[in-house]
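Below is one structure, written out as structure tokens; comments come after it.
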Amino acid sequence: MNVFAEIFRPGIMDFLIQTGIVLVKAVIVVGVLMLHVTYATYFERKSIGHMQVRLGPMAVGPHGLLQPIADFIKLFFKEDIIPAQADKPIFFVAPVISIFAGMTAISVIPFFNGFVIANINIGLLFVLAMSSLGAYGIIMAGWSSNSKYSFLGGLRSSAQVVSYEIAMGLSLVGVMMMAGSLNLTDIVKAQEQYPLGFFWPQALGFFVFLVAAFAETNRTPFDLPEAESELVAGYFTEYSGMRFALFYVAEYIGMIMMSLIAITCFLGGWNGPFAIPYVPFAWLLIKLYCFIFLFYWVRATVPRYRYDQLMSLGWKILIPLALLNIVVTGLVKVL
Amino acid sequence: MGEIEEKDIDQGKKLGTQELTLSMGPQHPATHGVLRLVLELDGETVTKCTPYVGYLHRGVEKLGENKTYFSALPLTDRLDYISSMSNNVAYVVAVERLFGIEAPERAKYLRTIMSEMTRISSHIIWLGTHALDIGAMTVFLYSFREREWLLDLFEQACGARLTVSYPRIGGVRNDVSKEWLDSLYRFTQEFPARVDEYETLIDQNRIWLQRTKGIGVISAEEAINWGLTGGTLRGSGVNYDVRKAFPYDAYDKVEFEVPLGSAGDVYDRYRVRMGELRQANRIIKQCIEQMPDGPVLAPDAPKFILPAKENLFKNMESLIHHFVLLTKGPLTAPAGEIYSAAEVPKGELGFYIVSDGTGKPYRMRVRAPSFIHASVLPRLCEGGLVADVIANIGTIDIVLGECDR
């Protein structure tokens with residue numbers, strides 16, 4: 001009798017309901033996210049295709065619309081090849097870490113006012129922590145494959161992520177100072193009084209963040225860890241089938257995640273110049289796709305940096321700029 | 001745990017460090033075919049680079065000794081298979097010089113046009129793959145758009161796109177139509193704008209400049225000593241072009257400049273080849289404007305040319321001639337030897353042909369620029385980074401079909 005009352009006392013019920021709501025939210029976000037990831041690949045192939053005077057996927061479905069699904073089915077049923085010399089447990093866990101880190105970081109992003117899976121007060125810090133964790137997936141993949149190309153890719157990636165993590169963290173300090181909070185919902189609300197969000201007062205920080213975001217997501221011009229012409233496929237050279245797909249998805253989730261952080265911290269989050277009725281996340285989605293398009297556009301345009309040039313760009317230019325941004329923001333705030 | 005013991009430190013000293021040996025190729029996306037480089041890496045720095053060639057060896061030189069002068073022609077298509085027309089021209093010019101055959105004017109102009117079209121189509125492949133290796137992927141697809149146009153023109157002229165076998169000893173196989181020349185002329189009017197378009201993407205791009213300036217530097221003297229030719233030599237500022245130094249076909253009748261670099265780095269060689277694209281276009285234009293009328297095959301080379309198909313069914317001598325030429329080859333040919341070179345897109349392609357009086361060459365040696373350029377790779381790569389190896393492979397512009405023969 002007592003046990004029964006204990007379980008169904010009001011506090012527990014509340015807790016269960018809260019947990020249920022969070023779970024439902026998480027399922028919705030993961031579902032929607034995976035759909036977007038799937039079609040982000042299609043969007044990339046189409047937009048880059050048209051930039052390069054070709055059509056992109058056209059064969060599966062009208063205008064190739066079913067291509068991502070066909071790709072997924074193909075990768076899912078492919079033989080899972082594990083190199084004989086691979087360090088198997090690490091080889092198995094590496095793609096999971098990569099995708100886990102990206103997905104977890106999404107949980108603190110507010111998609112519209114009041115809709116966030118975990119409204120924690122250290123949101124921004126959590127995102128930075130998770131994006132650092134993602135590098136472990138790459139390093140472990142490079143190490144465990146027991147292939148020289150993967151190994152070099154893993155090494156490059158670790159150096160790159162360590163260098164650009166600093167620049168990225170410092171570029172966000174200006175935002176934290178202006179918002180006075182690490183909670184991403186608060187950061188968005190703090191931007192409501194600025195017409196362009198934090199983009200204008202924090203233009204320098206935004207620039208540094210943008211460059212660092214390209215490096216963090218291993219996109220051109222910083223795609224050295226997977227530099228096709230040098231390292232075959234870099235850290236995932238030895239991966240195939242579903243495990244390869246996990247890395248692929250992790251890269252796109254990383255890209256979406258970085259875009260969402262940029263939008264939340266600099267471009268006013270879900271707010272727009274005017275409210276779009278019934279679709280509270282419309283502005284976020286529009287900004288997100290503009291941002292993702294930027295990633296593709298850059299990929300189709302510029303060559304790749306060399307390893308030492310990448311390092312000197314990170315340490316000699318971006319970090320000093322980010323520090324300058326902090327000093328200026330601090331001075332303006334004090335005066 | 002905790003305390004570090006004396007013996008651990010000793011063991012650590014014994015471990016030492018070792019360079020990473022990386023076998024790049026023969027299957028690798030950036031080695032342009034089946035080149036294999038064994039790299040010794042200290043971190044990202046290349047301390048030793050050893051090229052291995054021969055994965056595509058088909059014995060072209062030896063095969064040449066067992067074929068008649070006429071039927072050895074298709075072998076030269078397969079040397080540098082992306083510029084087969086130039087290889088054919090280099091070969092037929094060598095044989096013509098050896099036996100004193102003079103091709104008609106129109107044929108000479110046609111061969112010049114074809115050589116320069118090949119130069120454009122080969123250089124735009126080089127540009128596309130070089131840029132792709134350095135990471136700029138769009139240039140590749142832009143350049144293939146124009147290559148497609150040229151290959152279509154090749155197909156209209158001779159029925160083949162890649163392995164053309166169009167030139168003949170003493171001329172070319174067939175004449176081209178007026179429409180074909182008009183269509184090519186439209187190409188020459190359009191093409192300079194397309195070259196500008198490629199340049200907008202990379203020419204002033206900071207990343208491109210950082211990746212190519214000061215990389216793979218080779219001085220003029222060293223370049224000569226290594227035996228480099230073509231754009232790879234001229235990037236170092238050496239003014240040597242077979243078309244100017246030892247003109248063949250119609251090159252002495254057209255005006256063109258030889259673009260030169262100065263620093264001898266990857267960027268200068270890139271500039272030189274971009275200049276050559278424009279000059280090649282200029283040569284084609286002049287050739288079309290000056291194109292004389294007349295036959296396209298020399299009448300004084302019956303031993304090296306198949307008789308016309310229509311004569312075969314009416315004329316007994318032609319039939320016998322055809323049969324003998326295809327089965328035995330000419331039973332006699334003047335004895336002698338010659339080294340004759342042509343400026344193909346990759347550099348100086350030379351044929352050293354020894355005739356012992358029979359219908360087949362006693363020796364057919366090919367001086368392949370790609371082979372010589374591949375040998376300079378260690379000089380360019382050692383001391384650089386892994387990423388520079390890729391830039392250097394691109395800049396020396398090699399095709400392994402020609403290198404391994």
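Ordering of the structure tokens sets the chain letters (A, B, ...), residue numbers begin anew at 1 in every chain, and ligands are numbered from 1 in the order given.
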Worksheet entry | Neighbours of chain A in chain B at 8 Å, counting only C-alpha atoms, as a VMD selection string | chain B and resid 22 28 to 30 131 to 138 141 to 142 201 to 202 205 207 to 208 211 386 to 387 390
Preceding selection exported with N, CA, C and O atoms as a compact mmCIF listing (two decimals), in the first residue's frame:
# COMPACT_ATOMS: atom_id res chain seq x y z
N LEU B 22 55.44 5.38 -46.43
CA LEU B 22 54.09 5.38 -46.99
C LEU B 22 54.19 5.07 -48.48
O LEU B 22 54.90 5.75 -49.21
N HIS B 28 46.00 5.16 -56.27
CA HIS B 28 45.81 6.31 -55.39
C HIS B 28 45.13 7.40 -56.21
O HIS B 28 45.45 7.58 -57.38
N PRO B 29 44.17 8.12 -55.61
CA PRO B 29 43.41 9.08 -56.43
C PRO B 29 44.25 10.19 -57.05
O PRO B 29 43.82 10.78 -58.02
N ALA B 30 45.43 10.48 -56.52
CA ALA B 30 46.14 11.66 -57.03
C ALA B 30 47.40 11.34 -57.78
O ALA B 30 48.13 12.24 -58.15
N ALA B 131 44.05 21.16 -60.29
CA ALA B 131 43.23 21.95 -59.36
C ALA B 131 42.47 21.02 -58.42
O ALA B 131 42.35 21.30 -57.23
N LEU B 132 42.00 19.91 -58.95
CA LEU B 132 41.25 18.97 -58.11
C LEU B 132 42.15 18.40 -57.01
O LEU B 132 41.73 18.23 -55.87
N ASP B 133 43.40 18.12 -57.37
CA ASP B 133 44.33 17.60 -56.37
C ASP B 133 44.57 18.61 -55.27
O ASP B 133 44.74 18.26 -54.11
N ILE B 134 44.63 19.87 -55.65
CA ILE B 134 44.86 20.90 -54.64
C ILE B 134 43.56 21.24 -53.92
O ILE B 134 43.57 21.91 -52.91
N GLY B 135 42.44 20.74 -54.41
CA GLY B 135 41.19 20.87 -53.66
C GLY B 135 40.13 21.72 -54.33
O GLY B 135 39.02 21.80 -53.83
N ALA B 136 40.46 22.39 -55.45
CA ALA B 136 39.45 23.20 -56.13
C ALA B 136 38.74 22.31 -57.15
O ALA B 136 39.28 22.03 -58.22
N MET B 137 37.56 21.84 -56.80
CA MET B 137 36.94 20.81 -57.62
C MET B 137 36.17 21.35 -58.82
O MET B 137 35.96 20.64 -59.79
N THR B 138 35.76 22.61 -58.78
CA THR B 138 34.88 23.10 -59.85
C THR B 138 35.63 23.30 -61.17
O THR B 138 35.07 23.07 -62.23
N LEU B 141 35.39 20.40 -63.59
CA LEU B 141 34.20 20.20 -64.40
C LEU B 141 34.05 21.27 -65.47
O LEU B 141 33.54 21.00 -66.55
N TYR B 142 34.51 22.49 -65.17
CA TYR B 142 34.49 23.54 -66.19
C TYR B 142 35.37 23.14 -67.36
O TYR B 142 35.01 23.30 -68.51
N LEU B 201 38.52 31.47 -61.01
CA LEU B 201 38.35 30.62 -59.84
C LEU B 201 39.64 30.46 -59.04
O LEU B 201 39.59 30.34 -57.82
N ILE B 202 40.79 30.42 -59.73
CA ILE B 202 41.99 30.09 -58.96
C ILE B 202 43.13 31.09 -59.08
O ILE B 202 43.95 31.17 -58.19
N ASN B 205 43.27 33.44 -56.22
CA ASN B 205 42.79 32.88 -54.96
C ASN B 205 43.94 32.75 -53.97
O ASN B 205 44.97 32.17 -54.27
N ILE B 207 44.35 30.98 -51.33
CA ILE B 207 44.75 29.62 -50.96
C ILE B 207 45.55 28.99 -52.10
O ILE B 207 46.56 28.35 -51.87
N TRP B 208 45.08 29.22 -53.33
CA TRP B 208 45.79 28.68 -54.49
C TRP B 208 47.22 29.23 -54.54
O TRP B 208 48.18 28.49 -54.76
N ARG B 211 49.34 27.68 -51.93
CA ARG B 211 49.67 26.27 -52.20
C ARG B 211 50.64 26.10 -53.37
O ARG B 211 51.23 25.05 -53.51
N VAL B 386 53.52 16.53 -47.34
CA VAL B 386 52.77 15.54 -48.11
C VAL B 386 51.88 16.23 -49.15
O VAL B 386 51.78 15.80 -50.29
N ALA B 387 51.28 17.34 -48.73
CA ALA B 387 50.38 18.04 -49.64
C ALA B 387 51.13 18.58 -50.86
O ALA B 387 50.58 18.68 -51.95
N ILE B 390 51.53 16.15 -53.86
CA ILE B 390 50.39 16.15 -54.77
C ILE B 390 50.49 17.29 -55.77
O ILE B 390 50.29 17.11 -56.97
Worksheet item: What's the 9 Å shell around segment 63-68 of chain B, counting only C-alpha atoms, without same-chain residues fewer than 6 positions away, as a list of chain:residue names?
Response: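 The neighbour list is B:Leu75, B:Phe304, B:Leu325, B:Leu326, B:Thr327, B:Lys328, B:Gly329, B:Pro330, B:Gly359, B:Lys360, B:Pro361, B:Tyr362, B:Arg363, B:Met364, B:Arg365.
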Item to complete: Can you list, as an MDAnalysis selection string, all residues belonging to segment 203-242 of chain A that DSSP tags as alpha helix (DSSP H)?
Response: chainID A and resid 203:216 228:231 241:242
Take the selection from the previous step and output its residues with all heavy atoms, as a compact mmCIF listing (two decimals), in the first residue's frame.
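That gives us selection-v2.txt:
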# COMPACT_ATOMS: atom_id res chain seq x y z
N ALA A 203 30.66 41.34 -35.25
CA ALA A 203 31.02 40.91 -36.61
C ALA A 203 32.35 40.17 -36.63
O ALA A 203 32.51 39.16 -37.31
CB ALA A 203 31.08 42.12 -37.54
N LEU A 204 33.32 40.68 -35.86
CA LEU A 204 34.64 40.05 -35.83
C LEU A 204 34.55 38.64 -35.25
O LEU A 204 35.09 37.68 -35.80
CB LEU A 204 35.58 40.92 -35.00
CG LEU A 204 37.05 40.57 -35.07
CD1 LEU A 204 37.55 40.63 -36.49
CD2 LEU A 204 37.84 41.52 -34.19
N GLY A 205 33.80 38.55 -34.15
CA GLY A 205 33.61 37.24 -33.53
C GLY A 205 32.91 36.29 -34.48
O GLY A 205 33.28 35.11 -34.58
N PHE A 206 31.94 36.80 -35.21
CA PHE A 206 31.21 35.96 -36.16
C PHE A 206 32.15 35.44 -37.23
O PHE A 206 32.12 34.26 -37.59
CB PHE A 206 30.07 36.76 -36.80
CG PHE A 206 29.28 35.98 -37.80
CD1 PHE A 206 28.47 34.94 -37.38
CD2 PHE A 206 29.33 36.28 -39.14
CE1 PHE A 206 27.73 34.20 -38.29
CE2 PHE A 206 28.61 35.56 -40.06
CZ PHE A 206 27.81 34.51 -39.64
N PHE A 207 33.02 36.32 -37.73
CA PHE A 207 33.97 35.91 -38.76
C PHE A 207 34.87 34.79 -38.24
O PHE A 207 35.04 33.76 -38.90
CB PHE A 207 34.80 37.12 -39.20
CG PHE A 207 35.98 36.76 -40.04
CD1 PHE A 207 35.81 36.37 -41.37
CD2 PHE A 207 37.26 36.79 -39.52
CE1 PHE A 207 36.89 36.02 -42.13
CE2 PHE A 207 38.35 36.44 -40.29
CZ PHE A 207 38.16 36.06 -41.60
N VAL A 208 35.42 35.00 -37.04
CA VAL A 208 36.32 33.98 -36.48
C VAL A 208 35.55 32.68 -36.27
O VAL A 208 36.03 31.59 -36.61
CB VAL A 208 36.93 34.47 -35.15
CG1 VAL A 208 37.73 33.37 -34.49
CG2 VAL A 208 37.81 35.68 -35.40
N PHE A 209 34.33 32.80 -35.77
CA PHE A 209 33.53 31.60 -35.54
C PHE A 209 33.28 30.85 -36.85
O PHE A 209 33.37 29.63 -36.91
CB PHE A 209 32.19 31.97 -34.89
CG PHE A 209 31.31 30.78 -34.67
CD1 PHE A 209 31.45 29.99 -33.55
CD2 PHE A 209 30.36 30.42 -35.62
CE1 PHE A 209 30.67 28.87 -33.37
CE2 PHE A 209 29.57 29.30 -35.45
CZ PHE A 209 29.72 28.53 -34.31
N LEU A 210 32.99 31.63 -37.89
CA LEU A 210 32.66 31.02 -39.17
C LEU A 210 33.84 30.21 -39.69
O LEU A 210 33.69 29.04 -40.08
CB LEU A 210 32.32 32.13 -40.16
CG LEU A 210 31.62 31.73 -41.44
CD1 LEU A 210 30.28 31.13 -41.10
CD2 LEU A 210 31.44 32.94 -42.33
N VAL A 211 35.03 30.81 -39.66
CA VAL A 211 36.21 30.10 -40.15
C VAL A 211 36.47 28.87 -39.30
O VAL A 211 36.72 27.77 -39.81
CB VAL A 211 37.43 31.04 -40.16
CG1 VAL A 211 38.67 30.29 -40.62
CG2 VAL A 211 37.19 32.23 -41.06
N ALA A 212 36.36 29.04 -37.98
CA ALA A 212 36.60 27.91 -37.09
C ALA A 212 35.55 26.82 -37.31
O ALA A 212 35.87 25.63 -37.22
CB ALA A 212 36.59 28.38 -35.65
N ALA A 213 34.32 27.22 -37.63
CA ALA A 213 33.27 26.23 -37.86
C ALA A 213 33.58 25.37 -39.09
O ALA A 213 33.36 24.17 -39.08
CB ALA A 213 31.92 26.92 -38.04
N PHE A 214 34.12 26.01 -40.12
CA PHE A 214 34.51 25.24 -41.31
C PHE A 214 35.60 24.23 -40.94
O PHE A 214 35.60 23.10 -41.40
CB PHE A 214 35.02 26.16 -42.42
CG PHE A 214 33.93 26.71 -43.28
CD1 PHE A 214 33.29 27.88 -42.92
CD2 PHE A 214 33.54 26.07 -44.43
CE1 PHE A 214 32.28 28.39 -43.69
CE2 PHE A 214 32.52 26.58 -45.22
CZ PHE A 214 31.89 27.74 -44.84
N ALA A 215 36.53 24.68 -40.10
CA ALA A 215 37.63 23.79 -39.72
C ALA A 215 37.12 22.67 -38.81
O ALA A 215 37.51 21.52 -38.96
CB ALA A 215 38.72 24.58 -39.01
N GLU A 216 36.22 22.99 -37.89
CA GLU A 216 35.71 21.99 -36.95
C GLU A 216 34.92 20.91 -37.67
O GLU A 216 34.91 19.76 -37.25
CB GLU A 216 34.79 22.66 -35.93
CG GLU A 216 35.50 23.42 -34.86
CD GLU A 216 36.01 22.51 -33.77
OE1 GLU A 216 35.20 21.79 -33.18
OE2 GLU A 216 37.22 22.52 -33.52
N GLU A 228 41.01 14.05 -50.03
CA GLU A 228 40.88 12.92 -50.94
C GLU A 228 42.13 12.70 -51.78
O GLU A 228 42.59 11.58 -51.96
CB GLU A 228 39.68 13.15 -51.84
CG GLU A 228 39.35 11.95 -52.68
CD GLU A 228 38.35 12.29 -53.74
OE1 GLU A 228 37.39 12.99 -53.43
OE2 GLU A 228 38.53 11.86 -54.88
N SER A 229 42.71 13.81 -52.27
CA SER A 229 43.82 13.62 -53.20
C SER A 229 45.10 13.24 -52.48
O SER A 229 46.02 12.75 -53.09
CB SER A 229 44.02 14.90 -54.00
OG SER A 229 44.16 15.99 -53.15
N GLU A 230 45.17 13.48 -51.18
CA GLU A 230 46.40 13.14 -50.47
C GLU A 230 46.24 11.84 -49.69
O GLU A 230 47.04 10.92 -49.79
CB GLU A 230 46.77 14.25 -49.49
CG GLU A 230 47.07 15.55 -50.18
CD GLU A 230 46.85 16.74 -49.28
OE1 GLU A 230 47.04 16.60 -48.06
OE2 GLU A 230 46.50 17.81 -49.78
N LEU A 231 45.17 11.78 -48.90
CA LEU A 231 45.04 10.67 -47.95
C LEU A 231 43.92 9.72 -48.33
O LEU A 231 43.34 9.07 -47.47
CB LEU A 231 44.77 11.23 -46.55
CG LEU A 231 45.83 12.19 -46.01
CD1 LEU A 231 45.47 12.63 -44.61
CD2 LEU A 231 47.18 11.54 -46.01
N GLY A 241 30.28 0.42 -45.73
CA GLY A 241 28.90 0.11 -45.37
C GLY A 241 28.33 1.08 -44.35
O GLY A 241 28.52 2.28 -44.43
N MET A 242 27.65 0.52 -43.35
CA MET A 242 26.91 1.34 -42.40
C MET A 242 27.83 2.20 -41.54
O MET A 242 27.49 3.31 -41.17
CB MET A 242 26.06 0.41 -41.53
CG MET A 242 24.80 1.07 -41.01
SD MET A 242 23.90 1.88 -42.32
CE MET A 242 23.35 3.33 -41.48
Worksheet, complete the sentence: Of B:Gln290, B:Thr50, B:Thr395, B:Thr129, the one sitting nearest Lys108 of chain B when using only C-alpha atoms is B:Gln290
Phe111 of chain A: which residues within 8 Å, counting only C-alpha atoms, same-chain residues fewer than 3 positions away excluded, as an mmCIF file with N, CA, C and O atoms, in the first residue's frame?
data_model
loop_
_atom_site.group_PDB
_atom_site.id
_atom_site.type_symbol
_atom_site.label_atom_id
_atom_site.label_comp_id
_atom_site.auth_asym_id
_atom_site.auth_seq_id
_atom_site.Cartn_x
_atom_site.Cartn_y
_atom_site.Cartn_z
ATOM 1 N N PHE A 115 10.860 25.712 -27.196
ATOM 2 C CA PHE A 115 11.078 24.337 -27.633
ATOM 3 C C PHE A 115 12.564 24.031 -27.620
ATOM 4 O O PHE A 115 13.302 24.349 -28.545
ATOM 5 N N VAL A 116 13.001 23.408 -26.547
ATOM 6 C CA VAL A 116 14.373 22.946 -26.476
ATOM 7 C C VAL A 116 14.362 21.695 -25.620
ATOM 8 O O VAL A 116 13.628 21.606 -24.634
ATOM 9 N N GLY A 269 18.704 33.605 -33.774
ATOM 10 C CA GLY A 269 17.943 32.375 -33.555
ATOM 11 C C GLY A 269 16.663 32.297 -34.341
ATOM 12 O O GLY A 269 16.652 32.517 -35.546
ATOM 13 N N TRP A 270 15.564 32.010 -33.632
ATOM 14 C CA TRP A 270 14.288 31.800 -34.322
ATOM 15 C C TRP A 270 13.614 33.098 -34.729
ATOM 16 O O TRP A 270 12.596 33.087 -35.386
ATOM 17 N N PHE A 281 9.275 27.937 -36.231
ATOM 18 C CA PHE A 281 10.686 27.647 -36.525
ATOM 19 C C PHE A 281 11.066 28.016 -37.956
ATOM 20 O O PHE A 281 12.131 27.656 -38.434
ATOM 21 N N LEU A 284 14.316 30.013 -38.381
ATOM 22 C CA LEU A 284 15.478 29.180 -38.061
ATOM 23 C C LEU A 284 15.821 28.290 -39.245
ATOM 24 O O LEU A 284 16.987 28.153 -39.628
#
Worksheet entry | All residues 9 Å or closer to segment 371-378 of chain B, only C-alpha atoms, same chain fewer than 3 positions away omitted, as a ChimeraX atom specification | /B:35,48-51,53,216,223,226-229,232,367-368,381-382,389,392-393,396-400,402-404
Worksheet item: Out of B:Val60, B:Val176, B:Val266, B:Ile224, which residue has the shortest atom-to-atom distance to Leu380 of chain B when counting only C-alpha atoms?
Response: B:Val266
Worksheet entry | Near-Val93 of chain B list (12 Å; only C-alpha atoms; drop same-chain fewer than 3 positions) as a ChimeraX atom specification | /B:69,73,86-90,96-103,107-108,111-112,167-172,246-250,338-343,349-353
Practice prompt. Please provide as a list in words all residues within 12 Å of Lys316 of chain A, with the sequence filter that same-chain residues fewer than 6 positions apart are discarded (counting only C-alpha atoms).
Written response: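 Contacts, in chain order: Ser163, Tyr164, Ala167, Asp308, Gln309, Leu310, Ala322 and Leu323 of chain A.
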Worksheet item: Residues of segment 14-59 of chain B in strand (DSSP E or B) according to DSSP, as number ranges by chain?
Response: B: 20-24, 36-42, 45-52
Worksheet item: Hey, can you check how far atom CA of Pro68 of chain A sits from atom CA of Leu246 of chain A?
Response: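 Atom CA of Leu246 of chain A lies 14.0 Å from atom CA of Pro68 of chain A.
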